[in-house]
file run-v4.txt (compact mmCIF, N, CA and C atoms)
# COMPACT_ATOMS: atom_id res chain seq x y z
N MET A 1 140.03 -285.68 137.39
CA MET A 1 138.95 -284.90 137.94
C MET A 1 138.85 -283.59 137.16
N THR A 2 137.67 -283.27 136.72
CA THR A 2 137.46 -282.01 136.00
C THR A 2 136.96 -280.94 136.96
N THR A 3 137.28 -279.73 136.63
CA THR A 3 136.78 -278.62 137.45
C THR A 3 135.61 -277.98 136.72
N ALA A 4 134.63 -277.60 137.48
CA ALA A 4 133.43 -276.99 136.92
C ALA A 4 133.74 -275.55 136.52
N THR A 5 133.24 -275.16 135.39
CA THR A 5 133.38 -273.78 134.93
C THR A 5 132.20 -272.99 135.46
N PRO A 6 132.47 -271.88 136.17
CA PRO A 6 131.36 -271.10 136.70
C PRO A 6 130.50 -270.51 135.58
N THR A 7 129.22 -270.50 135.80
CA THR A 7 128.31 -269.91 134.82
C THR A 7 128.42 -268.39 134.90
N PRO A 8 128.04 -267.70 133.83
CA PRO A 8 128.11 -266.23 133.86
C PRO A 8 127.34 -265.63 135.04
N CYS A 9 126.25 -266.27 135.43
CA CYS A 9 125.46 -265.77 136.56
C CYS A 9 126.27 -265.83 137.85
N VAL A 10 126.96 -266.94 138.07
CA VAL A 10 127.77 -267.09 139.29
C VAL A 10 128.93 -266.11 139.27
N VAL A 11 129.51 -265.89 138.11
CA VAL A 11 130.60 -264.93 137.98
C VAL A 11 130.10 -263.53 138.34
N GLU A 12 128.91 -263.16 137.83
CA GLU A 12 128.34 -261.84 138.12
C GLU A 12 128.09 -261.67 139.62
N ILE A 13 127.58 -262.71 140.26
CA ILE A 13 127.31 -262.63 141.71
C ILE A 13 128.62 -262.47 142.47
N GLY A 14 129.64 -263.22 142.08
CA GLY A 14 130.95 -263.10 142.73
C GLY A 14 131.57 -261.74 142.56
N GLU A 15 131.49 -261.20 141.34
CA GLU A 15 132.01 -259.85 141.10
C GLU A 15 131.24 -258.82 141.91
N THR A 16 129.94 -258.99 142.00
CA THR A 16 129.11 -258.07 142.77
C THR A 16 129.44 -258.17 144.25
N ALA A 17 129.74 -259.36 144.73
CA ALA A 17 130.15 -259.52 146.13
C ALA A 17 131.41 -258.70 146.41
N GLY A 18 132.33 -258.68 145.45
CA GLY A 18 133.53 -257.84 145.60
C GLY A 18 133.19 -256.37 145.66
N LEU A 19 132.23 -255.94 144.83
CA LEU A 19 131.81 -254.55 144.85
C LEU A 19 131.13 -254.19 146.18
N VAL A 20 130.29 -255.10 146.68
CA VAL A 20 129.62 -254.89 147.97
C VAL A 20 130.68 -254.73 149.07
N TRP A 21 131.67 -255.61 149.06
CA TRP A 21 132.75 -255.56 150.05
C TRP A 21 133.45 -254.20 149.99
N LYS A 22 133.76 -253.73 148.77
CA LYS A 22 134.44 -252.45 148.60
C LYS A 22 133.60 -251.30 149.14
N VAL A 23 132.31 -251.30 148.81
CA VAL A 23 131.40 -250.24 149.28
C VAL A 23 131.38 -250.21 150.81
N LEU A 24 131.23 -251.36 151.43
CA LEU A 24 131.17 -251.41 152.89
C LEU A 24 132.51 -251.05 153.52
N SER A 25 133.59 -251.43 152.88
CA SER A 25 134.92 -251.10 153.39
C SER A 25 135.17 -249.60 153.36
N GLU A 26 134.71 -248.95 152.29
CA GLU A 26 134.93 -247.51 152.14
C GLU A 26 133.94 -246.67 152.95
N ASN A 27 132.69 -247.14 153.08
CA ASN A 27 131.63 -246.32 153.68
C ASN A 27 131.18 -246.77 155.06
N GLY A 28 131.61 -247.93 155.50
CA GLY A 28 131.16 -248.45 156.79
C GLY A 28 129.76 -249.03 156.68
N PRO A 29 129.15 -249.35 157.83
CA PRO A 29 127.81 -249.94 157.83
C PRO A 29 126.82 -249.09 157.04
N SER A 30 125.98 -249.76 156.25
CA SER A 30 125.02 -249.05 155.41
C SER A 30 123.72 -249.84 155.33
N SER A 31 122.65 -249.14 155.03
CA SER A 31 121.37 -249.82 154.82
C SER A 31 121.44 -250.61 153.51
N LEU A 32 120.58 -251.61 153.39
CA LEU A 32 120.54 -252.39 152.15
C LEU A 32 120.28 -251.49 150.95
N ALA A 33 119.37 -250.55 151.11
CA ALA A 33 119.03 -249.65 150.00
C ALA A 33 120.26 -248.85 149.55
N LYS A 34 121.05 -248.36 150.50
CA LYS A 34 122.24 -247.60 150.15
C LYS A 34 123.29 -248.47 149.49
N VAL A 35 123.42 -249.71 149.95
CA VAL A 35 124.38 -250.64 149.34
C VAL A 35 123.99 -250.90 147.89
N VAL A 36 122.71 -251.20 147.66
CA VAL A 36 122.24 -251.47 146.30
C VAL A 36 122.51 -250.27 145.40
N LYS A 37 122.21 -249.07 145.88
CA LYS A 37 122.42 -247.86 145.09
C LYS A 37 123.91 -247.64 144.81
N ALA A 38 124.75 -247.84 145.81
CA ALA A 38 126.19 -247.60 145.66
C ALA A 38 126.84 -248.62 144.73
N VAL A 39 126.37 -249.84 144.76
CA VAL A 39 126.95 -250.89 143.92
C VAL A 39 126.55 -250.70 142.46
N GLY A 40 125.33 -250.26 142.22
CA GLY A 40 124.89 -249.98 140.86
C GLY A 40 124.59 -251.21 140.02
N ARG A 41 124.27 -252.30 140.67
CA ARG A 41 123.88 -253.53 139.98
C ARG A 41 122.42 -253.82 140.32
N PRO A 42 121.77 -254.72 139.59
CA PRO A 42 120.38 -255.06 139.91
C PRO A 42 120.24 -255.54 141.36
N ARG A 43 119.14 -255.14 141.99
CA ARG A 43 118.91 -255.44 143.40
C ARG A 43 119.00 -256.94 143.69
N ASP A 44 118.42 -257.78 142.82
CA ASP A 44 118.45 -259.22 143.08
C ASP A 44 119.87 -259.76 143.06
N VAL A 45 120.73 -259.23 142.21
CA VAL A 45 122.13 -259.68 142.17
C VAL A 45 122.86 -259.23 143.42
N VAL A 46 122.60 -258.01 143.88
CA VAL A 46 123.23 -257.52 145.11
C VAL A 46 122.79 -258.37 146.30
N MET A 47 121.51 -258.73 146.35
CA MET A 47 121.02 -259.56 147.45
C MET A 47 121.67 -260.95 147.42
N GLN A 48 121.86 -261.51 146.23
CA GLN A 48 122.54 -262.80 146.11
C GLN A 48 123.99 -262.67 146.56
N ALA A 49 124.64 -261.57 146.20
CA ALA A 49 126.02 -261.33 146.61
C ALA A 49 126.11 -261.19 148.14
N LEU A 50 125.15 -260.51 148.74
CA LEU A 50 125.13 -260.40 150.20
C LEU A 50 124.93 -261.76 150.85
N GLY A 51 124.09 -262.59 150.26
CA GLY A 51 123.91 -263.95 150.76
C GLY A 51 125.21 -264.73 150.70
N TRP A 52 125.92 -264.58 149.61
CA TRP A 52 127.22 -265.24 149.44
C TRP A 52 128.17 -264.79 150.56
N LEU A 53 128.27 -263.47 150.76
CA LEU A 53 129.16 -262.94 151.80
C LEU A 53 128.72 -263.35 153.20
N ALA A 54 127.41 -263.38 153.42
CA ALA A 54 126.89 -263.79 154.74
C ALA A 54 127.21 -265.25 154.99
N ARG A 55 127.07 -266.08 153.98
CA ARG A 55 127.35 -267.52 154.12
C ARG A 55 128.82 -267.74 154.44
N GLU A 56 129.69 -266.88 153.91
CA GLU A 56 131.12 -266.97 154.19
C GLU A 56 131.50 -266.24 155.49
N ASP A 57 130.49 -265.74 156.21
CA ASP A 57 130.69 -265.05 157.48
C ASP A 57 131.54 -263.78 157.33
N LYS A 58 131.35 -263.08 156.20
CA LYS A 58 132.10 -261.86 155.92
C LYS A 58 131.31 -260.60 156.24
N VAL A 59 129.98 -260.71 156.29
CA VAL A 59 129.15 -259.54 156.60
C VAL A 59 128.19 -259.88 157.73
N TRP A 60 127.72 -258.84 158.36
CA TRP A 60 126.74 -258.93 159.43
C TRP A 60 125.53 -258.13 158.99
N ILE A 61 124.35 -258.71 159.09
CA ILE A 61 123.12 -258.02 158.69
C ILE A 61 122.23 -257.90 159.91
N GLU A 62 121.91 -256.66 160.30
CA GLU A 62 121.09 -256.40 161.48
C GLU A 62 119.80 -255.71 161.07
N GLU A 63 118.73 -256.03 161.78
CA GLU A 63 117.46 -255.33 161.56
C GLU A 63 117.49 -254.05 162.38
N ASP A 64 117.08 -252.97 161.75
CA ASP A 64 117.03 -251.67 162.41
C ASP A 64 115.68 -251.05 162.10
N GLY A 65 114.70 -251.42 162.89
CA GLY A 65 113.33 -250.97 162.62
C GLY A 65 112.81 -251.65 161.38
N ARG A 66 112.45 -250.85 160.39
CA ARG A 66 111.93 -251.42 159.13
C ARG A 66 113.02 -251.69 158.10
N SER A 67 114.25 -251.33 158.39
CA SER A 67 115.34 -251.54 157.43
C SER A 67 116.37 -252.51 157.99
N ARG A 68 117.30 -252.87 157.15
CA ARG A 68 118.39 -253.74 157.57
C ARG A 68 119.70 -253.00 157.29
N VAL A 69 120.65 -253.15 158.22
CA VAL A 69 121.95 -252.52 158.09
C VAL A 69 122.99 -253.61 157.89
N VAL A 70 123.85 -253.41 156.89
CA VAL A 70 124.89 -254.38 156.57
C VAL A 70 126.23 -253.81 156.96
N SER A 71 127.09 -254.64 157.56
CA SER A 71 128.44 -254.21 157.92
C SER A 71 129.39 -255.39 157.72
N LEU A 72 130.67 -255.05 157.60
CA LEU A 72 131.67 -256.10 157.49
C LEU A 72 131.92 -256.71 158.86
N ARG A 73 132.27 -257.95 158.89
CA ARG A 73 132.62 -258.62 160.16
C ARG A 73 134.07 -258.41 160.46

call {"tool": "encode", "arguments": {"input": "run-v4.txt", "output": "structure tokens"}}
result
Amino acid sequence: MTTATPTPCVVEIGETAGLVWKVLSENGPSSLAKVVKAVGRPRDVVMQALGWLAREDKVWIEEDGRSRVVSLR
């Protein structure tokens, strides 16, 4: 059985997920905009990383009026 080699895109999303986790761990719950700014990666990659973390049940995303707040579970 061979193991699949992750593509550079998947690696970038995984690394960004780690950065998102670190930002939330250090700063607590934050708006999506603040997370994107703090991580310093392209917004679409940060959103994909958040999706990855949400799918793994590691983050909680709540609507707060017109914005969304992300926190660790």

call {"tool": "residues_around", "arguments": {"input": "run-v4.txt", "residues": "range 43-53 of chain A", "least_positions_apart": "4", "cutoff": "8 Å", "atoms": "all atoms listed in the file", "output": "list in words"}}
result
Glu12, Ile13, Gly14, Glu15, Thr16, Ala17, Gly18, Val20, Trp21, Val35, Val36, Lys37, Val39, Asp57, Lys58, Val59 and Trp60 of chain A

call {"tool": "select_by_dssp", "arguments": {"input": "run-v4.txt", "residues": "chain A", "states": "strand (DSSP E or B)", "output": "JSON, numbers by chain"}}
result
{"A": [30, 31, 59, 60, 61, 62, 63, 64, 67, 68, 69, 70, 71, 72]}

call {"tool": "select_by_dssp", "arguments": {"input": "run-v4.txt", "residues": "chain A", "states": "alpha helix (DSSP H)", "output": "PyMOL selection string"}}
result
chain A and resi 8-27+32-39+43-55
